[in-house]
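*Asks:* Sharing model-v4.cif below, mmCIF, C-alpha atoms:
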```cif
data_model
#
loop_
_atom_site.group_PDB
_atom_site.id
_atom_site.type_symbol
_atom_site.label_atom_id
_atom_site.label_comp_id
_atom_site.auth_asym_id
_atom_site.auth_seq_id
_atom_site.Cartn_x
_atom_site.Cartn_y
_atom_site.Cartn_z
ATOM 1 C CA MET A 1 46.608 -29.056 -14.381
ATOM 2 C CA ASP A 2 47.342 -26.153 -12.045
ATOM 3 C CA ALA A 3 48.451 -27.141 -8.549
ATOM 4 C CA PRO A 4 45.438 -27.057 -6.207
ATOM 5 C CA HIS A 5 45.452 -24.427 -3.467
ATOM 6 C CA TYR A 6 42.588 -25.787 -1.390
ATOM 7 C CA ILE A 7 42.801 -29.354 -0.079
ATOM 8 C CA PRO A 8 39.319 -30.689 0.642
ATOM 9 C CA ARG A 9 38.503 -33.391 3.158
ATOM 10 C CA ILE A 10 36.594 -35.950 1.131
ATOM 11 C CA ARG A 11 37.493 -39.042 3.198
ATOM 12 C CA SER A 12 37.065 -41.653 0.466
ATOM 13 C CA GLY A 13 33.622 -41.739 -1.176
ATOM 14 C CA THR A 14 32.349 -42.117 -4.722
ATOM 15 C CA ALA A 15 31.415 -39.581 -7.386
ATOM 16 C CA LEU A 16 29.571 -39.351 -10.675
ATOM 17 C CA ILE A 17 30.860 -36.536 -12.885
ATOM 18 C CA VAL A 18 28.774 -35.814 -15.963
ATOM 19 C CA GLY A 19 30.858 -33.876 -18.442
ATOM 20 C CA GLY A 20 33.894 -35.336 -16.722
ATOM 21 C CA THR A 21 36.109 -36.051 -19.711
ATOM 22 C CA SER A 22 37.644 -32.565 -20.065
ATOM 23 C CA GLY A 23 37.697 -29.043 -18.682
ATOM 24 C CA ILE A 24 36.015 -28.415 -15.341
ATOM 25 C CA GLY A 25 34.700 -31.952 -15.010
ATOM 26 C CA LEU A 26 38.076 -33.639 -15.451
ATOM 27 C CA ALA A 27 39.794 -31.072 -13.209
ATOM 28 C CA THR A 28 37.204 -31.896 -10.549
ATOM 29 C CA ALA A 29 37.993 -35.599 -10.835
ATOM 30 C CA GLU A 30 41.684 -34.802 -10.350
ATOM 31 C CA VAL A 31 41.090 -32.562 -7.331
ATOM 32 C CA LEU A 32 38.789 -35.126 -5.717
ATOM 33 C CA ALA A 33 41.267 -37.914 -6.440
ATOM 34 C CA ASP A 34 44.005 -35.970 -4.663
ATOM 35 C CA ALA A 35 41.607 -35.426 -1.751
ATOM 36 C CA GLY A 36 41.068 -39.149 -1.240
ATOM 37 C CA LEU A 37 38.045 -40.014 -3.377
ATOM 38 C CA ARG A 38 37.841 -43.788 -3.758
ATOM 39 C CA ALA A 39 36.051 -44.108 -7.096
ATOM 40 C CA VAL A 40 34.622 -41.994 -9.902
ATOM 41 C CA VAL A 41 32.521 -42.539 -12.989
ATOM 42 C CA LEU A 42 33.060 -40.018 -15.773
ATOM 43 C CA VAL A 43 30.183 -39.552 -18.213
ATOM 44 C CA GLY A 44 30.628 -38.033 -21.655
ATOM 45 C CA ARG A 45 29.558 -38.311 -25.267
ATOM 46 C CA ASP A 46 32.966 -39.112 -26.798
ATOM 47 C CA ALA A 47 34.376 -42.575 -26.090
ATOM 48 C CA ASP A 48 37.951 -41.725 -27.118
ATOM 49 C CA ARG A 49 38.017 -38.690 -24.861
ATOM 50 C CA GLY A 50 36.499 -40.757 -22.071
ATOM 51 C CA ARG A 51 39.201 -43.408 -22.267
ATOM 52 C CA ALA A 52 41.884 -40.704 -22.346
ATOM 53 C CA ALA A 53 40.376 -39.014 -19.290
ATOM 54 C CA VAL A 54 40.377 -42.249 -17.300
ATOM 55 C CA ALA A 55 43.993 -42.883 -18.309
ATOM 56 C CA SER A 56 44.982 -39.352 -17.293
ATOM 57 C CA LEU A 57 43.896 -40.045 -13.710
ATOM 58 C CA GLY A 58 46.817 -42.468 -13.575
ATOM 59 C CA GLY A 59 45.399 -45.046 -11.211
ATOM 60 C CA ARG A 60 44.982 -42.549 -8.362
ATOM 61 C CA LEU A 61 41.490 -43.961 -7.816
ATOM 62 C CA ASP A 62 39.049 -46.437 -9.343
ATOM 63 C CA ALA A 63 38.002 -44.512 -12.478
ATOM 64 C CA ARG A 64 35.411 -45.683 -15.006
ATOM 65 C CA PHE A 65 33.856 -44.153 -18.100
ATOM 66 C CA VAL A 66 30.249 -44.368 -19.299
ATOM 67 C CA GLN A 67 29.412 -43.079 -22.753
ATOM 68 C CA ALA A 68 26.099 -41.238 -22.650
ATOM 69 C CA ASP A 69 24.371 -37.998 -23.592
ATOM 70 C CA ALA A 70 22.697 -36.818 -20.394
ATOM 71 C CA ALA A 71 20.397 -34.539 -22.386
ATOM 72 C CA ASP A 72 18.613 -37.761 -23.383
ATOM 73 C CA SER A 73 16.505 -39.069 -20.504
ATOM 74 C CA ASP A 74 17.112 -42.734 -21.330
ATOM 75 C CA ASP A 75 20.863 -42.167 -21.577
ATOM 76 C CA ALA A 76 20.839 -40.277 -18.287
ATOM 77 C CA GLN A 77 19.009 -43.098 -16.509
ATOM 78 C CA ARG A 78 21.382 -45.679 -17.965
ATOM 79 C CA ALA A 79 24.456 -43.654 -16.974
ATOM 80 C CA VAL A 80 23.332 -43.323 -13.354
ATOM 81 C CA ALA A 81 22.405 -46.998 -13.152
ATOM 82 C CA GLU A 82 25.732 -48.095 -14.666
ATOM 83 C CA ALA A 83 27.649 -45.810 -12.319
ATOM 84 C CA ILE A 84 25.974 -47.251 -9.238
ATOM 85 C CA ALA A 85 26.505 -50.786 -10.509
ATOM 86 C CA ALA A 86 30.191 -50.072 -11.160
ATOM 87 C CA ILE A 87 31.278 -48.227 -8.000
ATOM 88 C CA GLY A 88 28.417 -48.561 -5.543
ATOM 89 C CA PRO A 89 26.226 -45.924 -3.854
ATOM 90 C CA LEU A 90 27.026 -42.363 -4.907
ATOM 91 C CA ASP A 91 28.228 -39.811 -2.380
ATOM 92 C CA PHE A 92 28.672 -36.970 -4.880
ATOM 93 C CA ALA A 93 27.272 -36.025 -8.279
ATOM 94 C CA ILE A 94 28.616 -33.184 -10.393
ATOM 95 C CA THR A 95 27.362 -31.946 -13.750
ATOM 96 C CA SER A 96 29.445 -29.708 -15.995
ATOM 97 C CA THR A 97 28.150 -30.096 -19.520
ATOM 98 C CA VAL A 98 28.000 -27.997 -22.668
ATOM 99 C CA PRO A 99 26.182 -28.919 -25.896
ATOM 100 C CA THR A 100 28.177 -29.391 -29.073
ATOM 101 C CA SER A 101 26.593 -26.311 -30.660
ATOM 102 C CA ILE A 102 26.520 -22.901 -28.966
ATOM 103 C CA VAL A 103 24.710 -19.893 -30.465
ATOM 104 C CA LEU A 104 25.755 -16.535 -28.988
ATOM 105 C CA ASP A 105 24.239 -13.456 -30.588
ATOM 106 C CA LEU A 106 21.901 -10.571 -29.920
ATOM 107 C CA VAL A 107 18.275 -11.584 -29.456
ATOM 108 C CA HIS A 108 17.025 -10.132 -32.725
ATOM 109 C CA ARG A 109 19.771 -11.979 -34.655
ATOM 110 C CA THR A 110 19.429 -15.341 -32.891
ATOM 111 C CA PRO A 111 17.590 -17.887 -35.063
ATOM 112 C CA VAL A 112 14.311 -18.897 -33.463
ATOM 113 C CA ALA A 113 14.956 -22.441 -34.663
ATOM 114 C CA SER A 114 18.035 -22.616 -32.416
ATOM 115 C CA PHE A 115 16.168 -21.905 -29.164
ATOM 116 C CA ALA A 116 15.011 -25.440 -28.396
ATOM 117 C CA ALA A 117 18.405 -27.061 -28.916
ATOM 118 C CA THR A 118 20.135 -24.413 -26.796
ATOM 119 C CA LEU A 119 17.652 -24.688 -23.935
ATOM 120 C CA THR A 120 17.584 -28.475 -23.853
ATOM 121 C CA GLY A 121 21.298 -28.912 -24.565
ATOM 122 C CA PHE A 122 22.316 -26.759 -21.630
ATOM 123 C CA ALA A 123 19.521 -27.363 -19.126
ATOM 124 C CA LEU A 124 18.461 -30.983 -19.470
ATOM 125 C CA PRO A 125 21.680 -32.799 -18.433
ATOM 126 C CA PRO A 126 21.841 -31.277 -14.918
ATOM 127 C CA LEU A 127 18.066 -31.510 -14.514
ATOM 128 C CA HIS A 128 18.022 -35.190 -15.502
ATOM 129 C CA ILE A 129 21.006 -36.119 -13.354
ATOM 130 C CA THR A 130 19.819 -34.162 -10.316
ATOM 131 C CA ARG A 131 16.394 -35.819 -10.484
ATOM 132 C CA LEU A 132 17.850 -39.319 -10.771
ATOM 133 C CA VAL A 133 20.636 -38.935 -8.216
ATOM 134 C CA LEU A 134 18.397 -37.116 -5.729
ATOM 135 C CA GLU A 135 16.109 -40.140 -5.600
ATOM 136 C CA HIS A 136 19.102 -42.429 -5.030
ATOM 137 C CA MET A 137 20.674 -40.212 -2.365
ATOM 138 C CA ARG A 138 17.393 -39.678 -0.496
ATOM 139 C CA ALA A 139 16.964 -43.437 -0.243
ATOM 140 C CA ARG A 140 20.431 -43.860 1.249
ATOM 141 C CA GLY A 141 20.176 -40.862 3.575
ATOM 142 C CA GLY A 142 22.625 -38.306 2.204
ATOM 143 C CA GLY A 143 24.876 -36.981 -0.519
ATOM 144 C CA ALA A 144 25.914 -33.820 -2.337
ATOM 145 C CA ILE A 145 25.029 -32.639 -5.831
ATOM 146 C CA VAL A 146 26.789 -29.733 -7.548
ATOM 147 C CA ASN A 147 25.571 -28.337 -10.876
ATOM 148 C CA VAL A 148 27.765 -26.021 -12.944
ATOM 149 C CA ALA A 149 25.771 -23.329 -14.753
ATOM 150 C CA SER A 150 27.218 -19.884 -15.534
ATOM 151 C CA ASP A 151 26.950 -16.242 -14.534
ATOM 152 C CA ALA A 152 24.509 -15.870 -17.432
ATOM 153 C CA ALA A 153 21.961 -17.213 -14.923
ATOM 154 C CA LYS A 154 22.292 -14.047 -12.827
ATOM 155 C CA VAL A 155 23.774 -11.281 -14.973
ATOM 156 C CA PRO A 156 21.941 -10.051 -18.105
ATOM 157 C CA THR A 157 24.541 -10.178 -20.864
ATOM 158 C CA PRO A 158 24.033 -9.217 -24.522
ATOM 159 C CA GLY A 159 24.295 -12.329 -26.654
ATOM 160 C CA GLU A 160 23.336 -14.740 -23.869
ATOM 161 C CA SER A 161 19.552 -14.424 -23.814
ATOM 162 C CA VAL A 162 18.672 -18.060 -24.501
ATOM 163 C CA ILE A 163 21.721 -19.449 -22.715
ATOM 164 C CA GLY A 164 20.893 -17.223 -19.749
ATOM 165 C CA ALA A 165 17.369 -18.636 -19.673
ATOM 166 C CA ALA A 166 18.778 -22.170 -19.607
ATOM 167 C CA MET A 167 21.303 -21.333 -16.900
ATOM 168 C CA ALA A 168 18.675 -19.639 -14.752
ATOM 169 C CA GLY A 169 16.610 -22.794 -15.101
ATOM 170 C CA ILE A 170 19.508 -24.914 -13.817
ATOM 171 C CA VAL A 171 19.976 -22.619 -10.838
ATOM 172 C CA MET A 172 16.312 -22.548 -9.816
ATOM 173 C CA PHE A 173 15.931 -26.297 -10.323
ATOM 174 C CA SER A 174 18.965 -26.860 -8.068
ATOM 175 C CA ARG A 175 17.608 -24.569 -5.361
ATOM 176 C CA VAL A 176 14.221 -26.278 -5.322
ATOM 177 C CA ALA A 177 15.917 -29.698 -5.238
ATOM 178 C CA ALA A 178 17.944 -28.447 -2.264
ATOM 179 C CA LEU A 179 14.758 -27.594 -0.368
ATOM 180 C CA GLU A 180 13.233 -30.954 -1.163
ATOM 181 C CA GLY A 181 16.370 -32.952 -0.378
ATOM 182 C CA ARG A 182 17.413 -31.326 2.895
ATOM 183 C CA ARG A 183 15.191 -33.484 5.125
ATOM 184 C CA ASP A 184 16.957 -36.577 3.806
ATOM 185 C CA GLY A 185 20.472 -35.190 4.174
ATOM 186 C CA VAL A 186 20.984 -34.373 0.488
ATOM 187 C CA ARG A 187 22.638 -31.062 -0.366
ATOM 188 C CA VAL A 188 22.308 -29.414 -3.789
ATOM 189 C CA ASN A 189 24.304 -26.350 -4.820
ATOM 190 C CA ALA A 190 25.203 -24.593 -8.062
ATOM 191 C CA LEU A 191 28.318 -22.898 -9.394
ATOM 192 C CA THR A 192 28.198 -20.065 -11.907
ATOM 193 C CA PRO A 193 31.573 -19.317 -13.491
ATOM 194 C CA SER A 194 32.081 -16.850 -16.301
ATOM 195 C CA LEU A 195 34.966 -17.347 -18.704
ATOM 196 C CA VAL A 196 37.107 -20.377 -17.787
ATOM 197 C CA SER A 197 40.530 -20.651 -19.375
ATOM 198 C CA GLY A 198 41.876 -23.772 -21.025
ATOM 199 C CA THR A 199 38.596 -25.505 -21.798
ATOM 200 C CA PRO A 200 37.251 -26.717 -25.154
ATOM 201 C CA THR A 201 34.212 -24.473 -24.715
ATOM 202 C CA THR A 202 36.329 -21.355 -24.247
ATOM 203 C CA GLU A 203 38.389 -22.231 -27.297
ATOM 204 C CA ARG A 204 35.203 -22.512 -29.350
ATOM 205 C CA VAL A 205 33.574 -19.279 -28.227
ATOM 206 C CA MET A 206 36.802 -17.286 -28.485
ATOM 207 C CA ALA A 207 37.227 -18.372 -32.097
ATOM 208 C CA GLU A 208 34.019 -16.721 -33.348
ATOM 209 C CA GLY A 209 33.201 -13.085 -34.075
ATOM 210 C CA PHE A 210 30.485 -11.929 -31.681
ATOM 211 C CA SER A 211 31.244 -14.393 -28.892
ATOM 212 C CA ALA A 212 34.980 -13.658 -29.144
ATOM 213 C CA LYS A 213 34.265 -9.963 -28.513
ATOM 214 C CA LEU A 214 31.902 -10.825 -25.657
ATOM 215 C CA PHE A 215 34.363 -13.036 -23.821
ATOM 216 C CA ASP A 216 37.330 -10.812 -24.550
ATOM 217 C CA ARG A 217 35.496 -8.122 -22.560
ATOM 218 C CA ALA A 218 34.854 -10.673 -19.808
ATOM 219 C CA ALA A 219 38.552 -11.552 -19.675
ATOM 220 C CA ARG A 220 39.500 -7.873 -19.351
ATOM 221 C CA ALA A 221 36.907 -7.440 -16.575
ATOM 222 C CA ALA A 222 38.358 -10.336 -14.558
ATOM 223 C CA SER A 223 40.611 -8.155 -12.415
ATOM 224 C CA LEU A 224 41.500 -11.113 -10.183
ATOM 225 C CA GLY A 225 42.379 -13.216 -13.207
ATOM 226 C CA VAL A 226 40.361 -15.467 -15.496
ATOM 227 C CA ALA A 227 39.273 -18.577 -13.613
ATOM 228 C CA SER A 228 40.947 -21.863 -14.491
ATOM 229 C CA PRO A 229 39.290 -25.303 -14.412
ATOM 230 C CA VAL A 230 41.116 -25.982 -11.131
ATOM 231 C CA ASP A 231 39.673 -22.811 -9.573
ATOM 232 C CA VAL A 232 36.172 -24.055 -10.335
ATOM 233 C CA ALA A 233 37.033 -27.648 -9.386
ATOM 234 C CA GLU A 234 38.251 -26.553 -5.963
ATOM 235 C CA ALA A 235 34.978 -24.735 -5.354
ATOM 236 C CA ILE A 236 33.094 -27.880 -6.364
ATOM 237 C CA ALA A 237 35.278 -29.928 -4.010
ATOM 238 C CA PHE A 238 34.477 -27.521 -1.181
ATOM 239 C CA LEU A 239 30.752 -28.018 -1.794
ATOM 240 C CA CYS A 240 31.311 -31.789 -1.568
ATOM 241 C CA ASP A 241 33.499 -31.429 1.515
ATOM 242 C CA ALA A 242 32.374 -32.189 5.058
ATOM 243 C CA ARG A 243 33.273 -28.574 5.892
ATOM 244 C CA SER A 244 30.292 -27.414 3.813
ATOM 245 C CA ALA A 245 27.871 -29.819 5.490
ATOM 246 C CA ARG A 246 25.505 -26.947 6.353
ATOM 247 C CA THR A 247 25.556 -25.418 2.875
ATOM 248 C CA THR A 248 22.739 -26.140 0.457
ATOM 249 C CA GLY A 249 20.641 -24.264 -2.100
ATOM 250 C CA GLN A 250 23.453 -21.783 -2.725
ATOM 251 C CA VAL A 251 24.799 -20.322 -5.975
ATOM 252 C CA LEU A 252 28.510 -19.545 -5.963
ATOM 253 C CA SER A 253 30.250 -17.487 -8.661
ATOM 254 C CA VAL A 254 33.888 -18.189 -9.521
ATOM 255 C CA ASN A 255 34.622 -15.497 -12.059
ATOM 256 C CA GLY A 256 37.718 -13.487 -11.156
ATOM 257 C CA GLY A 257 35.644 -10.379 -10.499
ATOM 258 C CA VAL A 258 33.827 -10.210 -13.862
ATOM 259 C CA SER A 259 30.665 -9.532 -11.877
ATOM 260 C CA VAL A 260 29.565 -9.532 -8.254
ATOM 261 C CA ALA A 261 25.942 -10.625 -8.698
#
```
What's the structure tokens form of this structure?

*Replies:*
Amino acid sequence: MDAPHYIPRIRSGTALIVGGTSGIGLATAEVLADAGLRAVVLVGRDADRGRAAVASLGGRLDARFVQADAADSDDAQRAVAEAIAAIGPLDFAITSTVPTSIVLDLVHRTPVASFAATLTGFALPPLHITRLVLEHMRARGGGAIVNVASDAAKVPTPGESVIGAAMAGIVMFSRVAALEGRRDGVRVNALTPSLVSGTPTTERVMAEGFSAKLFDRAARAASLGVASPVDVAEAIAFLCDARSARTTGQVLSVNGGVSVA
């Protein structure tokens, strides 16, 4: 992992990270661990990867793994319940998930049959987790939720029509949840990166024809450099930090200058 540049003030606390077994999610666990987080529950679909992720944290905090697919409502409810039972009330919840299948192509070439899986695979995990954790955090009087979407939520990009619709849904859901949670001390924000280096998702999309061309252009447009998982993780940590206590309902891009929307 890259050395962090920003050191957040977490002051102990607990976190649920859905999609926490690799990429942005695991980098976030590492950054929060270095900042003083007491305990974390990582949620993912792959048990082997989950065990490896917990081991990689090296005892820096109390780390647990729950195997679940947060796109499934029953799995999402079980994961949140098991997390609370394992480490206690949640101070932070982060979602950074990607479905196993990604279809990137121009609208007229995108199979209609793929729409439902793309929309639900991308959008449902953060929607489910936000709904469940918001209820928990409202009852205890505070907390912070951060959902990772992508710049496709804000910037029309050829090949990302359905994904963009899903990402825009995540962003609007987060903003409405922020309005509803603010009276009870719960903050909800979203992050929208573009290309992120060194993640399984980037490896997959860069290996295919149309998506490889799309993200190669994004990489060349990132004049400040392609974001790394740590870059995104540090932004997530900031949104969990006491220094962002007045920040809610915001959408922050970490994209190296690919766009300024």

*Asks:* Could you please determine the separation between atom CA of A:Ile102 and atom CA of A:Val133 in Å, to one decimal place?

*Replies:*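 Computing it gives 26.9 Å between the two atoms.
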
*Asks:* Quick one: what's the axis-aligned box for stretch 47-64 of chain A, all listed atoms, 8 Å on every side, centre and edges in Å to one decimal, as lines of an AutoDock Vina configuration file?

*Replies:*
```
center_x = 40.6
center_y = -42.6
center_z = -17.5
size_x = 28.4
size_y = 23.7
size_z = 35.3
```

*Asks:* Go through A:Ala52, A:Ile129, A:Ala139, A:Val258 and flag the residue nearest A:Arg183, using all atoms listed in the file for the distances.

*Replies:*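 Residue with the minimum atom-to-atom distance to A:Arg183: A:Ala139.
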
*Asks:* I'd like to see the residues matched by the PyMOL selection byres ((chain A and resi 99) around 12) on this file, and ideally I'd get them as a VMD selection string.

*Replies:* chain A and resid 19 44 to 45 69 to 72 96 to 98 100 to 103 116 to 125 163 166 200 to 201 204

*Asks:* Evaluating the PyMOL selection byres ((chain A and resi 164) around 10) on the displayed file yields which residues, as a PyMOL selection string?

*Replies:* chain A and resi 119+122+149-163+165-170

*Asks:* Run the PyMOL selection byres ((chain A and resi 12) around 6) against the file shown and list the residues it catches, as a list of chain:residue names.

*Replies:*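 Those residues are A:Ile10, A:Arg11, A:Gly13, A:Gly36, A:Leu37, A:Arg38.
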
*Asks:* For atom CA of A:Val148 and atom CA of A:Ala85, determine how far apart the two atoms are, in Å to one decimal place.

*Replies:*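 Atom-to-atom, atom CA of A:Val148 and atom CA of A:Ala85 are spaced 24.9 Å apart.
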
*Asks:* Which residues are near A:Gly141? Cut-off 12 Å, all atoms listed in the file, ignore same chain within fewer than 4 positions. Put them as a list in words.

*Replies:* Pro89, Leu90, Asp91, Val133, Leu134, Glu135, His136, Met137, Gly181, Arg182, Arg183, Asp184, Gly185, Val186 and Arg187 of chain A

*Asks:* Calculate how many Å separate atom CA of A:Gly256 from atom CA of A:Ala227, rounding to one decimal.

*Replies:*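 Going from atom CA of A:Gly256 over to atom CA of A:Ala227 covers 5.9 Å.
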
*Asks:* In the coordinate frame of the file, compute which residues have an atom within 10 Å of (31.6, -34.5, -18.9) when using only C-alpha atoms, and state them as a VMD selection string.

*Replies:* chain A and resid 16 to 26 42 to 46 49 to 50 53 65 to 70 94 to 98

*Asks:* Using the atoms already present, construct N, CA and C atoms for stretch 135-147 of chain A and hand them back as a short mmCIF file (atom, residue, chain, number, x, y, z; two decimals), in the frame of the given file.

*Replies:*
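Dumped to result13.cif:
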```
data_model
loop_
_atom_site.label_atom_id
_atom_site.label_comp_id
_atom_site.auth_asym_id
_atom_site.auth_seq_id
_atom_site.Cartn_x
_atom_site.Cartn_y
_atom_site.Cartn_z
N GLU A 135 16.90 -38.99 -6.04
CA GLU A 135 16.11 -40.14 -5.60
C GLU A 135 17.01 -41.18 -4.93
N HIS A 136 18.14 -41.46 -5.55
CA HIS A 136 19.10 -42.43 -5.03
C HIS A 136 19.67 -41.98 -3.69
N MET A 137 20.07 -40.71 -3.60
CA MET A 137 20.67 -40.21 -2.37
C MET A 137 19.66 -40.10 -1.23
N ARG A 138 18.43 -39.73 -1.53
CA ARG A 138 17.39 -39.68 -0.50
C ARG A 138 17.18 -41.05 0.12
N ALA A 139 17.20 -42.08 -0.73
CA ALA A 139 16.96 -43.44 -0.24
C ALA A 139 18.09 -43.91 0.68
N ARG A 140 19.31 -43.41 0.42
CA ARG A 140 20.43 -43.86 1.25
C ARG A 140 20.77 -42.87 2.36
N GLY A 141 20.06 -41.75 2.43
CA GLY A 141 20.18 -40.86 3.58
C GLY A 141 21.24 -39.79 3.50
N GLY A 142 21.68 -39.42 2.29
CA GLY A 142 22.62 -38.31 2.20
C GLY A 142 23.40 -38.29 0.91
N GLY A 143 24.07 -37.16 0.68
CA GLY A 143 24.88 -36.98 -0.52
C GLY A 143 24.93 -35.52 -0.89
N ALA A 144 25.76 -35.21 -1.88
CA ALA A 144 25.91 -33.82 -2.34
C ALA A 144 25.90 -33.78 -3.86
N ILE A 145 25.14 -32.85 -4.39
CA ILE A 145 25.03 -32.64 -5.83
C ILE A 145 25.49 -31.22 -6.12
N VAL A 146 26.33 -31.06 -7.14
CA VAL A 146 26.79 -29.73 -7.55
C VAL A 146 26.57 -29.61 -9.05
N ASN A 147 25.82 -28.60 -9.46
CA ASN A 147 25.57 -28.34 -10.88
C ASN A 147 26.30 -27.08 -11.31
#
```
